[in-house]
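protein.txt follows (compact mmCIF, C-alpha atoms and all ligand atoms):
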# COMPACT_ATOMS: atom_id res chain seq x y z
CA MET A 1 -128.79 41.87 -27.53
CA ASN A 2 -127.25 44.18 -30.14
CA LEU A 3 -124.46 43.32 -32.54
CA ASN A 4 -122.32 46.30 -33.52
CA ILE A 5 -120.03 44.99 -36.26
CA SER A 6 -117.30 47.24 -37.64
CA SER A 7 -114.84 46.80 -40.49
CA SER A 8 -111.71 47.08 -38.34
CA LYS A 9 -110.41 47.34 -34.78
CA VAL A 10 -110.11 51.10 -35.13
CA GLU A 11 -113.72 51.34 -36.33
CA VAL A 12 -114.77 49.22 -33.33
CA ALA A 13 -112.97 51.70 -31.11
CA LYS A 14 -114.71 54.67 -32.77
CA ASN A 15 -118.15 53.05 -32.61
CA PHE A 16 -117.70 52.04 -29.00
CA ALA A 17 -116.34 55.46 -28.07
CA ASP A 18 -119.51 57.06 -29.48
CA TYR A 19 -121.55 54.64 -27.38
CA PHE A 20 -119.39 55.33 -24.31
CA VAL A 21 -120.11 59.07 -24.65
CA THR A 22 -123.87 58.43 -24.67
CA ILE A 23 -123.54 56.33 -21.52
CA CYS A 24 -121.53 59.08 -19.82
CA LYS A 25 -124.19 61.65 -20.73
CA SER A 26 -127.10 59.43 -19.68
CA LYS A 27 -127.22 60.43 -16.01
CA PRO A 28 -125.59 62.82 -13.48
CA ILE A 29 -123.08 60.23 -12.24
CA VAL A 30 -122.06 57.05 -14.05
CA HIS A 31 -120.21 54.04 -12.71
CA ILE A 32 -118.28 52.07 -15.32
CA ALA A 33 -116.26 48.86 -14.90
CA LEU A 34 -113.36 48.62 -17.34
CA SER A 35 -111.73 45.57 -18.85
CA GLY A 36 -108.13 44.70 -19.52
CA GLY A 37 -106.85 43.21 -22.75
CA SER A 38 -105.75 44.47 -26.16
CA THR A 39 -109.11 45.61 -27.53
CA PRO A 40 -109.86 48.06 -24.70
CA LYS A 41 -106.35 49.47 -25.21
CA ILE A 42 -107.37 50.60 -28.71
CA VAL A 43 -110.62 52.02 -27.35
CA PHE A 44 -108.78 53.94 -24.62
CA ASP A 45 -106.42 55.42 -27.22
CA GLU A 46 -109.42 56.56 -29.29
CA LEU A 47 -111.20 58.03 -26.28
CA ALA A 48 -108.06 59.90 -25.24
CA ALA A 49 -107.30 61.19 -28.73
CA ASN A 50 -110.74 62.21 -29.98
CA TYR A 51 -113.30 62.13 -27.19
CA ALA A 52 -111.57 63.43 -24.07
CA ASN A 53 -113.23 66.85 -24.27
CA LEU A 54 -116.68 65.47 -25.11
CA ILE A 55 -117.05 63.89 -21.69
CA ASP A 56 -117.40 65.59 -18.30
CA TRP A 57 -115.08 63.19 -16.51
CA SER A 58 -116.04 64.64 -13.12
CA LYS A 59 -119.31 62.69 -13.52
CA VAL A 60 -117.58 59.43 -14.46
CA HIS A 61 -116.38 56.89 -11.88
CA LEU A 62 -114.12 54.16 -13.23
CA TYR A 63 -113.67 50.71 -11.74
CA TRP A 64 -112.20 47.47 -13.03
CA GLY A 65 -113.96 44.21 -13.76
CA ASP A 66 -110.75 42.38 -13.06
CA GLU A 67 -107.14 43.01 -12.17
CA ARG A 68 -104.01 40.97 -12.02
CA CYS A 69 -102.47 40.52 -8.55
CA VAL A 70 -99.47 42.69 -9.34
CA TRP A 71 -98.27 46.16 -8.45
CA PRO A 72 -99.88 49.03 -10.42
CA TYR A 73 -96.53 49.85 -12.05
CA GLU A 74 -96.03 46.32 -13.40
CA ASP A 75 -96.65 45.68 -17.10
CA ASP A 76 -99.32 43.05 -16.36
CA SER A 77 -101.44 45.58 -14.48
CA ASN A 78 -104.76 46.50 -16.11
CA TYR A 79 -104.61 49.76 -14.17
CA LYS A 80 -101.15 50.54 -15.64
CA MET A 81 -102.43 49.93 -19.18
CA THR A 82 -105.51 52.09 -18.56
CA ASN A 83 -103.42 54.86 -17.03
CA GLU A 84 -100.98 54.88 -19.94
CA HIS A 85 -103.66 54.83 -22.66
CA LEU A 86 -106.43 56.86 -21.05
CA LEU A 87 -106.25 58.12 -17.46
CA SER A 88 -103.03 60.08 -17.90
CA LYS A 89 -104.55 61.84 -20.92
CA ILE A 90 -107.92 62.96 -19.59
CA ASN A 91 -109.06 65.40 -16.93
CA ILE A 92 -110.58 62.88 -14.53
CA PRO A 93 -110.45 63.49 -10.76
CA GLU A 94 -108.17 61.06 -8.97
CA LEU A 95 -111.04 60.35 -6.57
CA ASN A 96 -113.06 58.99 -9.51
CA ILE A 97 -110.56 56.24 -10.20
CA HIS A 98 -111.23 53.12 -8.14
CA ARG A 99 -108.56 50.59 -8.97
CA ILE A 100 -108.43 47.08 -7.59
CA LYS A 101 -105.27 47.01 -5.49
CA GLY A 102 -103.51 44.06 -7.05
CA GLU A 103 -100.59 44.53 -4.70
CA ASN A 104 -102.72 43.56 -1.70
CA GLY A 105 -103.21 39.99 -0.58
CA PRO A 106 -105.65 38.47 -3.09
CA GLN A 107 -108.26 37.25 -0.62
CA TYR A 108 -108.05 40.53 1.32
CA GLU A 109 -108.47 42.63 -1.82
CA ALA A 110 -111.34 40.52 -3.18
CA ALA A 111 -113.20 41.07 0.09
CA HIS A 112 -112.20 44.74 0.26
CA TYR A 113 -113.30 45.53 -3.30
CA SER A 114 -116.56 43.64 -2.75
CA GLN A 115 -117.28 45.75 0.33
CA PHE A 116 -116.25 48.92 -1.48
CA LEU A 117 -118.57 48.26 -4.42
CA ASN A 118 -121.38 47.41 -2.02
CA ILE A 119 -120.95 50.83 -0.37
CA VAL A 120 -120.40 53.12 -3.35
CA LEU A 121 -122.53 51.69 -6.15
CA PRO A 122 -126.26 52.32 -6.44
CA LYS A 123 -128.32 49.14 -6.14
CA THR A 124 -130.98 47.44 -8.18
CA ASN A 125 -132.40 44.06 -7.12
CA LYS A 126 -130.54 44.83 -3.83
CA ILE A 127 -127.26 44.27 -5.73
CA PRO A 128 -124.62 46.91 -6.59
CA THR A 129 -125.21 48.12 -10.13
CA PHE A 130 -122.74 49.40 -12.68
CA ASP A 131 -124.14 51.60 -15.42
CA LEU A 132 -121.76 49.85 -17.83
CA VAL A 133 -119.55 46.79 -17.54
CA ILE A 134 -117.03 46.43 -20.36
CA LEU A 135 -115.90 42.86 -21.01
CA GLY A 136 -113.43 41.13 -23.27
CA LEU A 137 -113.61 37.56 -24.52
CA GLY A 138 -110.66 35.26 -24.17
CA ASP A 139 -109.74 32.69 -26.84
CA ASP A 140 -110.83 30.07 -24.27
CA GLY A 141 -114.17 31.73 -23.65
CA HIS A 142 -113.21 33.43 -20.41
CA THR A 143 -114.46 36.88 -19.55
CA ALA A 144 -113.32 39.26 -16.86
CA SER A 145 -111.00 36.81 -15.10
CA ILE A 146 -113.38 33.91 -14.81
CA PHE A 147 -111.87 31.00 -16.73
CA PRO A 148 -113.61 27.83 -17.94
CA ASN A 149 -111.82 25.65 -15.38
CA GLN A 150 -113.16 27.90 -12.61
CA ILE A 151 -116.60 28.61 -14.06
CA ASP A 152 -118.10 28.00 -10.63
CA LEU A 153 -116.75 31.41 -9.60
CA TRP A 154 -119.45 32.92 -11.80
CA ASN A 155 -122.16 31.96 -9.31
CA SER A 156 -120.23 33.00 -6.23
CA GLU A 157 -122.29 34.72 -3.55
CA ASN A 158 -119.39 37.19 -3.32
CA TYR A 159 -119.20 40.21 -5.61
CA CYS A 160 -115.47 39.60 -6.18
CA GLU A 161 -113.38 36.45 -6.14
CA VAL A 162 -109.76 35.41 -6.52
CA ALA A 163 -109.17 33.60 -9.81
CA VAL A 164 -106.08 31.84 -11.13
CA HIS A 165 -105.00 32.03 -14.76
CA PRO A 166 -105.05 28.39 -15.97
CA ILE A 167 -101.74 28.62 -17.82
CA SER A 168 -99.62 31.19 -16.01
CA GLY A 169 -100.98 30.49 -12.53
CA GLN A 170 -101.21 34.25 -12.03
CA LYS A 171 -103.76 35.23 -9.40
CA ARG A 172 -106.39 37.79 -10.33
CA ILE A 173 -109.27 39.59 -8.68
CA THR A 174 -112.50 39.41 -10.68
CA ILE A 175 -116.05 40.58 -10.30
CA THR A 176 -118.53 37.74 -10.48
CA GLY A 177 -121.66 36.90 -12.40
CA GLN A 178 -124.17 38.53 -10.08
CA LEU A 179 -122.48 41.92 -10.54
CA ILE A 180 -121.98 41.51 -14.28
CA ASN A 181 -125.56 40.44 -14.96
CA ASN A 182 -126.93 43.16 -12.68
CA ALA A 183 -125.33 45.94 -14.72
CA GLU A 184 -127.57 48.35 -16.60
CA VAL A 185 -125.54 47.62 -19.73
CA VAL A 186 -122.87 45.04 -20.54
CA ALA A 187 -120.69 45.63 -23.59
CA PHE A 188 -118.34 43.03 -25.05
CA LEU A 189 -115.37 44.41 -26.98
CA VAL A 190 -114.08 41.59 -29.18
CA THR A 191 -111.76 41.80 -32.16
CA GLY A 192 -109.59 39.47 -34.18
CA GLU A 193 -110.02 36.23 -36.12
CA SER A 194 -108.90 34.18 -33.10
CA LYS A 195 -112.20 35.02 -31.39
CA SER A 196 -114.52 34.08 -34.29
CA ASP A 197 -115.13 30.50 -33.16
CA ARG A 198 -115.99 31.53 -29.59
CA VAL A 199 -118.21 34.40 -30.79
CA ALA A 200 -120.15 32.11 -33.13
CA GLU A 201 -120.50 29.35 -30.52
CA ILE A 202 -121.79 31.81 -27.93
CA LEU A 203 -124.11 33.82 -30.18
CA ASN A 204 -125.47 30.67 -31.83
CA LYS A 205 -125.94 29.12 -28.36
CA ASN A 206 -124.03 25.99 -29.36
CA ASP A 207 -123.90 23.32 -26.64
CA ILE A 208 -120.10 23.71 -26.38
CA ALA A 209 -120.62 27.33 -25.28
CA LYS A 210 -121.97 26.15 -21.93
CA ILE A 211 -118.39 25.71 -20.69
CA TYR A 212 -117.51 29.32 -21.48
CA PRO A 213 -118.03 31.86 -18.68
CA ALA A 214 -118.70 34.46 -21.40
CA SER A 215 -121.85 32.53 -22.37
CA LEU A 216 -123.23 33.21 -18.89
CA VAL A 217 -123.38 36.97 -19.54
CA VAL A 218 -127.14 37.54 -19.70
CA PRO A 219 -127.87 40.94 -18.14
CA ILE A 220 -131.15 41.08 -16.20
CA SER A 221 -131.72 44.43 -17.91
CA GLY A 222 -131.55 42.76 -21.32
CA ASN A 223 -129.01 45.38 -22.38
CA LEU A 224 -126.16 43.39 -23.93
CA GLU A 225 -124.05 45.04 -26.63
CA TRP A 226 -121.42 43.25 -28.71
CA PHE A 227 -118.85 45.48 -30.40
CA LEU A 228 -117.04 43.29 -32.91
CA ASP A 229 -114.83 43.69 -35.91
CA GLU A 230 -115.59 41.67 -39.03
CA ALA A 231 -112.79 39.23 -38.25
CA ALA A 232 -114.30 38.27 -34.88
CA ALA A 233 -117.81 38.24 -36.36
CA ALA A 234 -116.82 36.33 -39.51
CA GLN A 235 -118.85 33.22 -38.70
CA VAL A 236 -121.76 35.22 -37.37
CA ILE A 237 -121.91 37.33 -40.54
CA SER A 238 -121.78 34.19 -42.71
CA THR A 239 -124.76 32.65 -40.94
CA GLN A 240 -126.75 35.89 -41.22
CA SER A 241 -125.96 36.77 -44.84
C1 LIG A 301 -107.70 40.69 -18.76
C2 LIG A 301 -109.06 40.86 -19.36
C3 LIG A 301 -109.43 39.62 -20.13
C4 LIG A 301 -109.49 40.06 -21.58
C5 LIG A 301 -109.59 38.88 -22.49
C6 LIG A 301 -109.56 39.35 -23.94
O1 LIG A 301 -107.45 41.14 -17.63
O2 LIG A 301 -106.85 40.14 -19.50
O3 LIG A 301 -109.99 41.25 -18.49
O4 LIG A 301 -110.66 39.06 -19.76
O5 LIG A 301 -110.63 40.89 -21.76
O6 LIG A 301 -108.49 38.05 -22.23
O7 LIG A 301 -108.36 40.01 -24.15
P1 LIG A 301 -108.01 40.65 -25.60
O8 LIG A 301 -108.92 41.84 -25.74
O9 LIG A 301 -106.56 41.00 -25.48
O10 LIG A 301 -108.30 39.60 -26.59

Since I need it in another form, could you write the structure as structure tokens?
Ligand code: 6PG
Amino acid sequence: MNLNISSSKVEVAKNFADYFVTICKSKPIVHIALSGGSTPKIVFDELAANYANLIDWSKVHLYWGDERCVWPYEDDSNYKMTNEHLLSKINIPELNIHRIKGENGPQYEAAHYSQFLNIVLPKTNKIPTFDLVILGLGDDGHTASIFPNQIDLWNSENYCEVAVHPISGQKRITITGQLINNAEVVAFLVTGESKSDRVAEILNKNDIAKIYPASLVVPISGNLEWFLDEAAAAQVISTQS
């Protein structure tokens, strides 16, 4: 596991964007699962503004690790956010964009996206394999859209499941633990003081962390990258200094 700690959210975005470019150049075709949330939004802005021409987007296939069960034009849509901050600003073939269709029936789309990933992704360990899965970390320790009160979804035999946000009740489609931990690389993008407790509990392997789905992210490859700002890493830095 690598900790990449930056002074600010913008520096996290720049550092991750540099890393993203190396991933995109690492092989002829790359398959990347994106995350929703506020931190990826900053990263997408940075990629669009300063890295768009450094990447041959025809080699990059983009997927989502989770999506809200809404139409792609609704504000809650992770696809809508990604399109506004990145996709609409880069020269990526439409056929390389593989959104989860949140407008479909949740169970139907979870099954459909599972089947789709099983067909299009290369496999290792007989399991579809992303070259990179980008994850966020919720204040409650959730990641993708697997929440602590539904942590059993992590071990689903299905590649995708229907999750329910514990507060809003909003249904979401999420990839599950076997896909996340089978990725070549998993990268957490975590910023802000509100995440510092969760980050410290997870990285220090505190007992409490066992209830957090994010603590179950242990890629078989061993390639786990944390991109943090100092605010999110505050308690980690203090224990290391
Ligand atoms: C989503 C994300 C979710 C997000 C975390 C962190 O669809 O909302 O996939 O898992 O990554 O909630 O979000 P922030 O980056 O906004 O803190």

Can you write out as CSV which residues of chain A fall within 6 Å of ligand LIG 301 (chain A), alongside each residue's closest atom pair and its distance in Å to one decimal, counting all atoms listed in the file and ordering rows by chain and ascending residue number?
residue,atom,partner,partner_atom,distance
A:Ser35,CA,A:LIG301,O3,4.7
A:Gly36,CA,A:LIG301,C2,4.0
A:Gly37,CA,A:LIG301,O9,3.5
A:Ser38,CA,A:LIG301,O9,3.6
A:Thr39,CA,A:LIG301,O8,4.2
A:Asp66,CA,A:LIG301,O3,5.6
A:Glu67,CA,A:LIG301,O1,5.8
A:Leu135,CA,A:LIG301,O5,5.7
A:Gly136,CA,A:LIG301,O5,3.2
A:Leu137,CA,A:LIG301,C6,4.5
A:Gly138,CA,A:LIG301,O6,4.0
A:Thr143,CA,A:LIG301,O4,4.4
A:Ala144,CA,A:LIG301,O4,3.9
A:Ser145,CA,A:LIG301,O4,5.2

(Q) Using only C-alpha atoms, can you tell me which of A:His31, A:His85, A:Arg172, A:Lys14 comes closest to Ile97 in chain A? (A) A:His31

Q: Could you jot down the CA of Asn78 in chain A to CA of Gly65 in chain A separation for me, Å, one decimal place?
A: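 Taking CA of Asn78 in chain A as the start and CA of Gly65 in chain A as the end point, the length is 9.8 Å.
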
Box in all listed atoms of range 127-131 of chain A, axis-aligned, with 3 Å more on each side; write out centre and edge lengths in Å to one decimal as lines of an AutoDock Vina configuration file.
center_x = -125.0
center_y = 47.9
center_z = -10.6
size_x = 10.5
size_y = 13.3
size_z = 15.7

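Between CA of Glu109 in chain A and CA of Ile173 in chain A lies a distance of 7.5 Å.
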
Q. Using all atoms listed in the file, which residue out of A:Ser26, A:Gly102, A:Glu94, A:Lys89 lies closest to Tyr73 in chain A?
A.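 Distance minimum relative to Tyr73 in chain A lands on A:Gly102.
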
(Q) Need the shell around Ile202 in chain A: protein/DNA/RNA residues with any atom at most 12 Å away, counting all atoms listed in the file. Skip same-chain ones fewer than 5 positions apart. Format as a list in words? (A)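 Here the qualifying residues turn out to be Leu137, Asp140, Gly141, His142, Lys195, Ser196, Asp197, Asp207, Ile208, Ala209, Lys210, Ile211, Tyr212, Pro213, Ala214, Ser215, Leu216, Val217, Val218, Trp226, Ala233, Gln235 and Val236 of chain A.
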
Q) Which residues, written as a PyMOL selection string, have at least one atom at most 7 Å from Phe227 in chain A, with all atoms listed in the file counted and residues fewer than 5 positions away on the same chain left out? A) chain A and resi 3-5+12+16+188-190

Q) Asp56 in chain A: which residues within 9 Å, counting all atoms listed in the file, same-chain residues fewer than 5 positions away excluded, as a list in words? A) Cys24, Lys25, Asn91 and Ile92 of chain A

**Q.** Nearest candidate to Leu117 in chain A (options A:Val60, A:Ile32, A:Ile151, A:Leu86; using only C-alpha atoms)
**A.**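 Using only C-alpha atoms, the shortest distance to Leu117 in chain A belongs to A:Ile32.
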
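With all atoms listed in the file as the atoms that count, the minimum distance from Val43 in chain A to the choices A:Lys9, A:Arg99, A:Arg198, A:Lys205 is reached by A:Lys9.
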
Q. Which one of A:Thr82, A:Ser8, A:Asn2, A:Asn15 sits closest to Asp45 in chain A if you count all atoms listed in the file?
A.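 Answer, going by the shortest atom-to-atom distance: A:Thr82.
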
Q. For Leu47 in chain A, which residue out of A:Ile90, A:Val30, A:Leu95, A:Ala187 is the nearest one, using only C-alpha atoms?
A.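 Smallest distance to Leu47 in chain A is found for A:Ile90.
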
Q: Tell me, in Å to one decimal, how far CA of Pro93 in chain A is from CA of Ile55 in chain A.
A: 12.8 Å

Q: Show which residues sit within 12 Å of Val70 in chain A, as JSON, numbers by chain. Count only C-alpha atoms, and ignore same-chain residues fewer than 6 positions away.
A: {"A": [76, 77, 78, 79, 80, 100, 101, 102, 103, 104, 105, 106, 109, 170, 171, 172, 173]}

Q. Tyr51 in chain A: which residues within 9 Å, counting only C-alpha atoms, same-chain residues fewer than 6 positions away excluded, as a list in words?
A. Ala17, Asp18 and Val21 of chain A
